[in-house]
Amino acid sequence: MTDYIPQDYQPLLFQLVLALGFIIFTILITHVLGPRLKNAAKDAPFECGIESVGDARAPLAVRYFLIAILFVLFDVEIIFMYPWAVNFLKLGWFGFVEMLFFVTFLMAGFYYIIRKGVLNWEND
Amino acid sequence: MYPILFLSFSGLITLFLGFFQEGKWVKPATILFLAIASISAFIDWNKPGAYFFNMLQVNNFNLLLSLVILITAILIVAISDNFKEIEYAHSAEYYAIMQFSLVGAIMMTNFQSLIMLFLGVEILSVSMYVLTGTDKRNLRGNEAAIKYFLLGAFATGILLFGIAMIYGGVGAFEIDAISGTLASNQAQSLFLYIGLVMLLIGLLFKLAAAPFHFWTPDVYEGAPTIFTLFMATIVKTAVVFALYRILHQSFQNMHLSWSYILAGCIALSLIIGNLSAVKQISFKRMLAFSSISHAGFLLLGLLHVSKTADKSLLFYSVSYLLASTSAFGVLLALKNERTENGRSNENISVFKGLATRSPFLSAVLIISMLSLAGIPLTGGFWSKFYVLTDAANDQFFYLIVLALLLTAVGVYYYFKPIITVFEKSDIQEAITINPIFKIIFVLTTLGTLVLGLFPDLLYGMI
Amino acid sequence: MDILGLLKNMTITHWSFYIVSMLTLFGALGTIMSKNPIHSVIYLILTFFSLSAHYIMLNAQFLAAVNIIVYAGAIMVLFLFVVMFLNLREENEELPKNSILIAASIVGGIIGITLIAAIRQTQIEKVNPYSFNTKTGLVETLGSLLFNKYLLPFELVSVLFLIAMAGAVMLGKREKGERHF
């Protein structure tokens, strides 16, 4: 019997360490190697653009948040599909019908969102 | 069991009916769906057992509870008059969410596994947060929704933590398994105690019992009246019977530990609810504090593990449902009375001169107030009587005395609207009442009186 | 107590547990102690990642993945979004009152002490490494439980999603004639 133990994740850990190490290394090395220049024009957010006016934290249309919330909901829905897909053959038609009900509900919700015109940004 | 499955689909259908002929059919369809759901509950009549891998407990008493919840929902939907007081009303969504929330309420009364309890609480409370904030242009409504959501989400979190602790202590979610473990072991894991306290905190918050009541007045006042009614009736009933299942059917062996917590909550709820209600000007705020004191009475029915506890709790819930529906319904019927700022007048002063303007409405209001106060010949009297006789034993004698004393205080503030009804008012024009409202009022008032005159009709039947 | 001896006897599992636990606590403390809300959010993401590491050590790989995808990925981004656009400036920042701080630490302390007492009192059964099924907690086992025993809760979760969807759309939708900004 094969064992499924956390040690299986060792390569992942190595990769994480390597990736993080590379990032930290490059960040540090650019500071050491690069020339240092400091003046008002260099520190501006857009060095060659239009002069920035006002605060960066302006109120945003609520639609962005709406889309973000809907994204989270569908994200969680997709998560449920993963254990189902792994067990797909074992569960057979029974599991298929179960998932069909689940997805039907959420797709009905999706259709409702479209009918309600939430995703329509042009005309309202 | 079947109402849960049916209402999930009918809610979805209602959501889409809103796009069809400008949502003309949404309200009749909702009443029809609720009626079908009530009938479908009877498929399980006399078929007790656990269904869906021990997730749902079906028996005749649970079926009766679902029926009570569904019939109350029918009454509420019937007096819901298409939400004209809300700017930008989305009535299809409101009715759909109400049906979905009933799924949660029925889950909370019929659960066998604590997972189902959590999911039911979550479904019911998320719907309530949304319904509280439906009047988007009303700042008070927004404030209420935010308050309810933040505090409620926290309470649900504590409830879930409690369930996890109980699982840690017992190793099972099923309430039968929990009571079995409790009966066989003498020394219990400390996790069980912590878990039970956290579970109680979560549920007592939803019940609006003191000291977890701080959201109640603001939320009851800020929410549109129809949803306040929904909160006061259906949420309360569902939570009380969830507590009944937990305390009396799974933790009955730990009675000594939880009865003291409950006794403290009862004393606080009765004192805070009754004494704060005295000074209120707003009718909805007054009913909010009265609902806190009624939460105290409902908990009093849970205090003692007895064979009649379920009967008296059901009787109390039904009479409270009927009286609340009449009281809030009268306020809804008067929603065309405006204050200076153009909003509906929800103060007690709105009833001024009601005796001459509409004798029918004043009779409905008076009987509902008498029932809430617990005056004899109304259902409220018998409900208090049964609950108090259940709780009466030597251990908590002082609680009974406190409850009786504070009932006397209650009589004072419930009589304020009654006296206002007979005051003279400048406005003399008669009030026209929608025929549906009339039918509902006749039903609820008759129900209150019948329960008051022949309590055995319901109490003996269960 | 012989701390050096204890340190010598620690296996790699112990080491990783202690390191990850320290990271978790550091992240959690940073979340509540940093003044800048954006720093709080980033600390919270760190906490989620180290919690995921805990899940992996407990062999609950699916939970670890979900924790990163949903919490650290989606929900924290939403958080950051909200915080960035909420116009939180230094001057109108309100510090919590001292009385609230004291009350909160008393309540938190009591809960902490009770939990520690409960853990100390409980006898945790030792797992036999030879008979232990290492597939416990993997996606496959979780899936077959979710789609058999927990079938009804799973299906009813879709009702919860639908309520959330309808509620978000209903409350968040811009109505005809409302100001556009």
# chains A, B, ... in the order shown; residues from 1 in each chain; ligands from 1
call {"tool": "interface_residues", "arguments": {"of": "chain A", "to": "chain C", "cutoff": "8 Å", "atoms": "only C-alpha atoms", "output": "number ranges by chain"}}
result
A: 3-6, 57-63, 65-66, 68-73, 75-76, 79, 82-84, 86-87, 91, 95, 98, 101-102, 105-106, 109, 113, 118, 124
call {"tool": "interface_residues", "arguments": {"of": "chain C", "to": "chain B", "cutoff": "6 Å", "atoms": "only C-alpha atoms", "output": "CSV table (one decimal) with N, CA and C atoms, in the first residue's frame"}}
result
chain,number,residue,atom,x,y,z
C,118,ALA,N,-9.2,22.6,28.8
C,118,ALA,CA,-9.9,21.5,28.1
C,118,ALA,C,-8.9,20.6,27.4
C,149,LYS,N,-22.8,10.6,2.6
C,149,LYS,CA,-23.4,10.9,3.9
C,149,LYS,C,-23.9,12.3,3.9
C,160,LEU,N,-28.1,28.3,-0.2
C,160,LEU,CA,-27.4,29.4,0.5
C,160,LEU,C,-26.7,30.3,-0.5
C,167,GLY,N,-29.4,38.3,-3.0
C,167,GLY,CA,-29.3,39.4,-2.1
C,167,GLY,C,-28.3,40.4,-2.6
call {"tool": "residues_around", "arguments": {"residues": "Ser317 (chain B)", "least_positions_apart": "4", "cutoff": "9 Å", "atoms": "only C-alpha atoms", "output": "MDAnalysis selection string"}}
result
chainID B and resid 68 233 236:237 240 298 312:313 321:322 383
call {"tool": "interface_residues", "arguments": {"of": "chain A", "to": "chain B", "cutoff": "10 Å", "atoms": "only C-alpha atoms", "output": "JSON, numbers by chain"}}
result
{"A": [105, 108, 109, 111, 112, 115, 116]}
call {"tool": "select_by_dssp", "arguments": {"residues": "chain A", "states": "alpha helix (DSSP H)", "output": "PyMOL selection string"}}
result
chain A and resi 10-33+40-43+62-86+88-115
call {"tool": "residues_around", "arguments": {"residues": "Ser362 (chain B)", "least_positions_apart": "3", "cutoff": "10 Å", "atoms": "only C-alpha atoms", "output": "list in words"}}
result
Val330, Phe351, Gly353, Leu354, Ala355, Thr356, Arg357, Ser358, Pro359, Leu365, Ile366, Ile367, Ser368, Pro417, Ile418, Val421 and Phe422 of chain B
call {"tool": "residues_around", "arguments": {"residues": "region 34-49 of chain B", "least_positions_apart": "4", "cutoff": "10 Å", "atoms": "only C-alpha atoms", "output": "ChimeraX atom specification"}}
result
/B:1-7,10-11,28-30,54,56-64,66-71,73-74,77,99,102
call {"tool": "select_by_dssp", "arguments": {"residues": "region 233-460 of chain B", "states": "strand (DSSP E or B)", "output": "list in words"}}
result
Ser282, Arg338, Ser344 and Asn347 of chain B
call {"tool": "atom_distance", "arguments": {"atom1": "CA of Ser269 (chain B)", "atom2": "CA of Lys384 (chain B)"}}
result
15.2 Å
call {"tool": "atom_distance", "arguments": {"atom1": "CA of Ala19 (chain A)", "atom2": "CA of Ile38 (chain C)"}}
result
24.2 Å
call {"tool": "atom_distance", "arguments": {"atom1": "CA of Arg140 (chain B)", "atom2": "CA of Gly222 (chain B)"}}
result
5.0 Å
call {"tool": "residues_around", "arguments": {"residues": "Ser91 (chain B)", "least_positions_apart": "3", "cutoff": "8 Å", "atoms": "only C-alpha atoms", "output": "PyMOL selection string"}}
result
chain B and resi 18+23+26+82-83+94-95
call {"tool": "write_last_selection", "arguments": {"atoms": "N, CA and C atoms", "output": "PDB file, in the first residue's frame"}}
result
ATOM      1  N   GLY B  18     -40.489  36.947 -11.465  1.00  0.00           N
ATOM      2  CA  GLY B  18     -40.386  38.404 -11.429  1.00  0.00           C
ATOM      3  C   GLY B  18     -40.165  39.013 -12.804  1.00  0.00           C
ATOM      4  N   GLY B  23     -43.884  40.831 -12.808  1.00  0.00           N
ATOM      5  CA  GLY B  23     -43.992  40.243 -11.475  1.00  0.00           C
ATOM      6  C   GLY B  23     -45.393  40.241 -10.907  1.00  0.00           C
ATOM      7  N   VAL B  26     -46.214  37.003  -8.813  1.00  0.00           N
ATOM      8  CA  VAL B  26     -45.277  36.536  -7.789  1.00  0.00           C
ATOM      9  C   VAL B  26     -45.987  36.246  -6.468  1.00  0.00           C
ATOM     10  N   ASN B  82     -47.358  43.836  -1.676  1.00  0.00           N
ATOM     11  CA  ASN B  82     -46.428  44.181  -2.760  1.00  0.00           C
ATOM     12  C   ASN B  82     -45.404  45.265  -2.475  1.00  0.00           C
ATOM     13  N   PHE B  83     -45.109  45.525  -1.222  1.00  0.00           N
ATOM     14  CA  PHE B  83     -43.969  46.376  -0.834  1.00  0.00           C
ATOM     15  C   PHE B  83     -44.018  47.768  -1.441  1.00  0.00           C
ATOM     16  N   TYR B  94     -37.832  39.365  -2.932  1.00  0.00           N
ATOM     17  CA  TYR B  94     -38.235  39.288  -1.530  1.00  0.00           C
ATOM     18  C   TYR B  94     -38.992  37.990  -1.269  1.00  0.00           C
ATOM     19  N   TYR B  95     -39.953  37.699  -2.163  1.00  0.00           N
ATOM     20  CA  TYR B  95     -40.734  36.479  -1.941  1.00  0.00           C
ATOM     21  C   TYR B  95     -39.858  35.242  -2.085  1.00  0.00           C
TER      22      TYR B  95
END
call {"tool": "decode", "arguments": {"residues": "region 94-225 of chain B", "atoms": "C-alpha atoms", "output": "PDB file, in the first residue's frame"}}
result
ATOM      1  CA  TYR B  94     -38.235  39.288  -1.530  1.00  0.00           C
ATOM      2  CA  TYR B  95     -40.734  36.479  -1.941  1.00  0.00           C
ATOM      3  CA  ALA B  96     -38.062  34.116  -3.248  1.00  0.00           C
ATOM      4  CA  ILE B  97     -35.747  34.867  -0.333  1.00  0.00           C
ATOM      5  CA  MET B  98     -38.641  34.433   2.092  1.00  0.00           C
ATOM      6  CA  GLN B  99     -39.245  30.948   0.692  1.00  0.00           C
ATOM      7  CA  PHE B 100     -35.555  30.102   0.869  1.00  0.00           C
ATOM      8  CA  SER B 101     -35.415  31.328   4.443  1.00  0.00           C
ATOM      9  CA  LEU B 102     -38.271  28.958   5.300  1.00  0.00           C
ATOM     10  CA  VAL B 103     -36.029  26.129   4.085  1.00  0.00           C
ATOM     11  CA  GLY B 104     -33.587  27.221   6.775  1.00  0.00           C
ATOM     12  CA  ALA B 105     -36.308  27.547   9.418  1.00  0.00           C
ATOM     13  CA  ILE B 106     -37.645  24.045   8.748  1.00  0.00           C
ATOM     14  CA  MET B 107     -34.124  22.637   8.779  1.00  0.00           C
ATOM     15  CA  MET B 108     -33.618  24.195  12.200  1.00  0.00           C
ATOM     16  CA  THR B 109     -36.694  22.497  13.610  1.00  0.00           C
ATOM     17  CA  ASN B 110     -36.233  19.101  11.942  1.00  0.00           C
ATOM     18  CA  PHE B 111     -32.478  18.633  12.181  1.00  0.00           C
ATOM     19  CA  GLN B 112     -30.844  15.493  13.455  1.00  0.00           C
ATOM     20  CA  SER B 113     -27.243  16.343  12.667  1.00  0.00           C
ATOM     21  CA  LEU B 114     -25.700  19.554  13.985  1.00  0.00           C
ATOM     22  CA  ILE B 115     -24.407  20.226  10.459  1.00  0.00           C
ATOM     23  CA  MET B 116     -27.994  20.709   9.364  1.00  0.00           C
ATOM     24  CA  LEU B 117     -28.589  23.023  12.310  1.00  0.00           C
ATOM     25  CA  PHE B 118     -25.661  25.187  11.277  1.00  0.00           C
ATOM     26  CA  LEU B 119     -26.713  25.275   7.648  1.00  0.00           C
ATOM     27  CA  GLY B 120     -30.291  26.112   8.653  1.00  0.00           C
ATOM     28  CA  VAL B 121     -29.159  28.941  10.919  1.00  0.00           C
ATOM     29  CA  GLU B 122     -26.958  30.255   8.149  1.00  0.00           C
ATOM     30  CA  ILE B 123     -29.677  30.115   5.478  1.00  0.00           C
ATOM     31  CA  LEU B 124     -32.207  31.787   7.764  1.00  0.00           C
ATOM     32  CA  SER B 125     -29.882  34.512   8.984  1.00  0.00           C
ATOM     33  CA  VAL B 126     -28.360  35.381   5.609  1.00  0.00           C
ATOM     34  CA  SER B 127     -31.887  35.845   4.267  1.00  0.00           C
ATOM     35  CA  MET B 128     -32.732  38.006   7.239  1.00  0.00           C
ATOM     36  CA  TYR B 129     -29.678  40.234   6.759  1.00  0.00           C
ATOM     37  CA  VAL B 130     -30.702  40.787   3.165  1.00  0.00           C
ATOM     38  CA  LEU B 131     -34.366  41.406   3.957  1.00  0.00           C
ATOM     39  CA  THR B 132     -33.464  43.897   6.707  1.00  0.00           C
ATOM     40  CA  GLY B 133     -31.619  46.078   4.234  1.00  0.00           C
ATOM     41  CA  THR B 134     -34.207  45.963   1.448  1.00  0.00           C
ATOM     42  CA  ASP B 135     -35.273  49.592   1.866  1.00  0.00           C
ATOM     43  CA  LYS B 136     -32.096  50.935   0.314  1.00  0.00           C
ATOM     44  CA  ARG B 137     -33.020  54.625   0.538  1.00  0.00           C
ATOM     45  CA  ASN B 138     -33.734  54.392   4.274  1.00  0.00           C
ATOM     46  CA  LEU B 139     -30.622  55.194   6.274  1.00  0.00           C
ATOM     47  CA  ARG B 140     -31.988  53.503   9.378  1.00  0.00           C
ATOM     48  CA  GLY B 141     -32.615  50.367   7.358  1.00  0.00           C
ATOM     49  CA  ASN B 142     -29.024  50.384   6.127  1.00  0.00           C
ATOM     50  CA  GLU B 143     -27.703  50.877   9.623  1.00  0.00           C
ATOM     51  CA  ALA B 144     -29.888  48.052  10.898  1.00  0.00           C
ATOM     52  CA  ALA B 145     -28.747  45.694   8.144  1.00  0.00           C
ATOM     53  CA  ILE B 146     -25.054  46.391   8.770  1.00  0.00           C
ATOM     54  CA  LYS B 147     -25.452  45.974  12.527  1.00  0.00           C
ATOM     55  CA  TYR B 148     -27.435  42.783  12.162  1.00  0.00           C
ATOM     56  CA  PHE B 149     -24.997  41.376   9.634  1.00  0.00           C
ATOM     57  CA  LEU B 150     -21.814  42.091  11.569  1.00  0.00           C
ATOM     58  CA  LEU B 151     -23.123  40.894  14.919  1.00  0.00           C
ATOM     59  CA  GLY B 152     -25.045  37.988  13.394  1.00  0.00           C
ATOM     60  CA  ALA B 153     -22.065  36.742  11.406  1.00  0.00           C
ATOM     61  CA  PHE B 154     -20.030  36.796  14.595  1.00  0.00           C
ATOM     62  CA  ALA B 155     -22.724  34.862  16.465  1.00  0.00           C
ATOM     63  CA  THR B 156     -22.878  32.274  13.681  1.00  0.00           C
ATOM     64  CA  GLY B 157     -19.115  31.927  13.937  1.00  0.00           C
ATOM     65  CA  ILE B 158     -19.351  31.254  17.667  1.00  0.00           C
ATOM     66  CA  LEU B 159     -22.120  28.727  16.994  1.00  0.00           C
ATOM     67  CA  LEU B 160     -19.926  26.891  14.485  1.00  0.00           C
ATOM     68  CA  PHE B 161     -17.009  26.921  16.919  1.00  0.00           C
ATOM     69  CA  GLY B 162     -19.327  25.396  19.512  1.00  0.00           C
ATOM     70  CA  ILE B 163     -20.414  22.657  17.129  1.00  0.00           C
ATOM     71  CA  ALA B 164     -16.766  21.870  16.418  1.00  0.00           C
ATOM     72  CA  MET B 165     -16.081  21.637  20.165  1.00  0.00           C
ATOM     73  CA  ILE B 166     -19.018  19.293  20.667  1.00  0.00           C
ATOM     74  CA  TYR B 167     -17.698  17.151  17.839  1.00  0.00           C
ATOM     75  CA  GLY B 168     -14.343  17.163  19.582  1.00  0.00           C
ATOM     76  CA  GLY B 169     -15.951  16.012  22.823  1.00  0.00           C
ATOM     77  CA  VAL B 170     -18.284  13.344  21.434  1.00  0.00           C
ATOM     78  CA  GLY B 171     -17.019  12.503  17.977  1.00  0.00           C
ATOM     79  CA  ALA B 172     -20.465  12.778  16.391  1.00  0.00           C
ATOM     80  CA  PHE B 173     -22.796  15.393  14.999  1.00  0.00           C
ATOM     81  CA  GLU B 174     -26.059  13.484  15.521  1.00  0.00           C
ATOM     82  CA  ILE B 175     -28.070  14.565  18.533  1.00  0.00           C
ATOM     83  CA  ASP B 176     -29.011  10.949  19.309  1.00  0.00           C
ATOM     84  CA  ALA B 177     -25.350  10.021  19.432  1.00  0.00           C
ATOM     85  CA  ILE B 178     -24.609  12.976  21.710  1.00  0.00           C
ATOM     86  CA  SER B 179     -27.344  12.059  24.172  1.00  0.00           C
ATOM     87  CA  GLY B 180     -26.188   8.421  24.050  1.00  0.00           C
ATOM     88  CA  THR B 181     -22.617   9.371  24.927  1.00  0.00           C
ATOM     89  CA  LEU B 182     -23.820  11.670  27.684  1.00  0.00           C
ATOM     90  CA  ALA B 183     -25.979   8.939  29.185  1.00  0.00           C
ATOM     91  CA  SER B 184     -23.200   6.325  29.203  1.00  0.00           C
ATOM     92  CA  ASN B 185     -20.269   8.432  30.471  1.00  0.00           C
ATOM     93  CA  GLN B 186     -20.128   9.949  33.911  1.00  0.00           C
ATOM     94  CA  ALA B 187     -17.262  12.396  33.490  1.00  0.00           C
ATOM     95  CA  GLN B 188     -17.640  14.522  30.405  1.00  0.00           C
ATOM     96  CA  SER B 189     -14.945  16.114  28.353  1.00  0.00           C
ATOM     97  CA  LEU B 190     -14.559  19.807  29.093  1.00  0.00           C
ATOM     98  CA  PHE B 191     -14.913  20.429  25.362  1.00  0.00           C
ATOM     99  CA  LEU B 192     -18.564  19.459  25.606  1.00  0.00           C
ATOM    100  CA  TYR B 193     -19.246  22.156  28.163  1.00  0.00           C
ATOM    101  CA  ILE B 194     -17.419  24.841  26.172  1.00  0.00           C
ATOM    102  CA  GLY B 195     -19.150  23.683  23.006  1.00  0.00           C
ATOM    103  CA  LEU B 196     -22.576  23.768  24.581  1.00  0.00           C
ATOM    104  CA  VAL B 197     -22.039  27.279  25.965  1.00  0.00           C
ATOM    105  CA  MET B 198     -20.892  28.527  22.563  1.00  0.00           C
ATOM    106  CA  LEU B 199     -23.818  26.841  20.825  1.00  0.00           C
ATOM    107  CA  LEU B 200     -26.156  28.478  23.327  1.00  0.00           C
ATOM    108  CA  ILE B 201     -24.587  31.900  22.756  1.00  0.00           C
ATOM    109  CA  GLY B 202     -25.085  31.590  19.018  1.00  0.00           C
ATOM    110  CA  LEU B 203     -28.700  30.500  19.285  1.00  0.00           C
ATOM    111  CA  LEU B 204     -29.648  32.918  22.071  1.00  0.00           C
ATOM    112  CA  PHE B 205     -28.331  35.722  19.878  1.00  0.00           C
ATOM    113  CA  LYS B 206     -30.678  34.682  17.098  1.00  0.00           C
ATOM    114  CA  LEU B 207     -33.516  34.420  19.604  1.00  0.00           C
ATOM    115  CA  ALA B 208     -32.773  38.003  20.792  1.00  0.00           C
ATOM    116  CA  ALA B 209     -32.543  36.961  24.435  1.00  0.00           C
ATOM    117  CA  ALA B 210     -30.625  39.230  26.793  1.00  0.00           C
ATOM    118  CA  PRO B 211     -27.622  39.684  27.139  1.00  0.00           C
ATOM    119  CA  PHE B 212     -27.391  39.068  23.398  1.00  0.00           C
ATOM    120  CA  HIS B 213     -30.223  41.433  22.514  1.00  0.00           C
ATOM    121  CA  PHE B 214     -28.425  44.663  21.595  1.00  0.00           C
ATOM    122  CA  TRP B 215     -29.225  44.434  17.910  1.00  0.00           C
ATOM    123  CA  THR B 216     -32.942  43.839  18.385  1.00  0.00           C
ATOM    124  CA  PRO B 217     -34.452  47.333  18.811  1.00  0.00           C
ATOM    125  CA  ASP B 218     -32.484  48.903  15.962  1.00  0.00           C
ATOM    126  CA  VAL B 219     -33.045  46.015  13.584  1.00  0.00           C
ATOM    127  CA  TYR B 220     -36.751  45.716  14.361  1.00  0.00           C
ATOM    128  CA  GLU B 221     -37.182  49.442  13.861  1.00  0.00           C
ATOM    129  CA  GLY B 222     -35.003  49.772  10.779  1.00  0.00           C
ATOM    130  CA  ALA B 223     -36.326  46.815   8.799  1.00  0.00           C
ATOM    131  CA  PRO B 224     -39.518  47.184   6.736  1.00  0.00           C
ATOM    132  CA  THR B 225     -42.470  46.243   8.983  1.00  0.00           C
TER     133      THR B 225
END
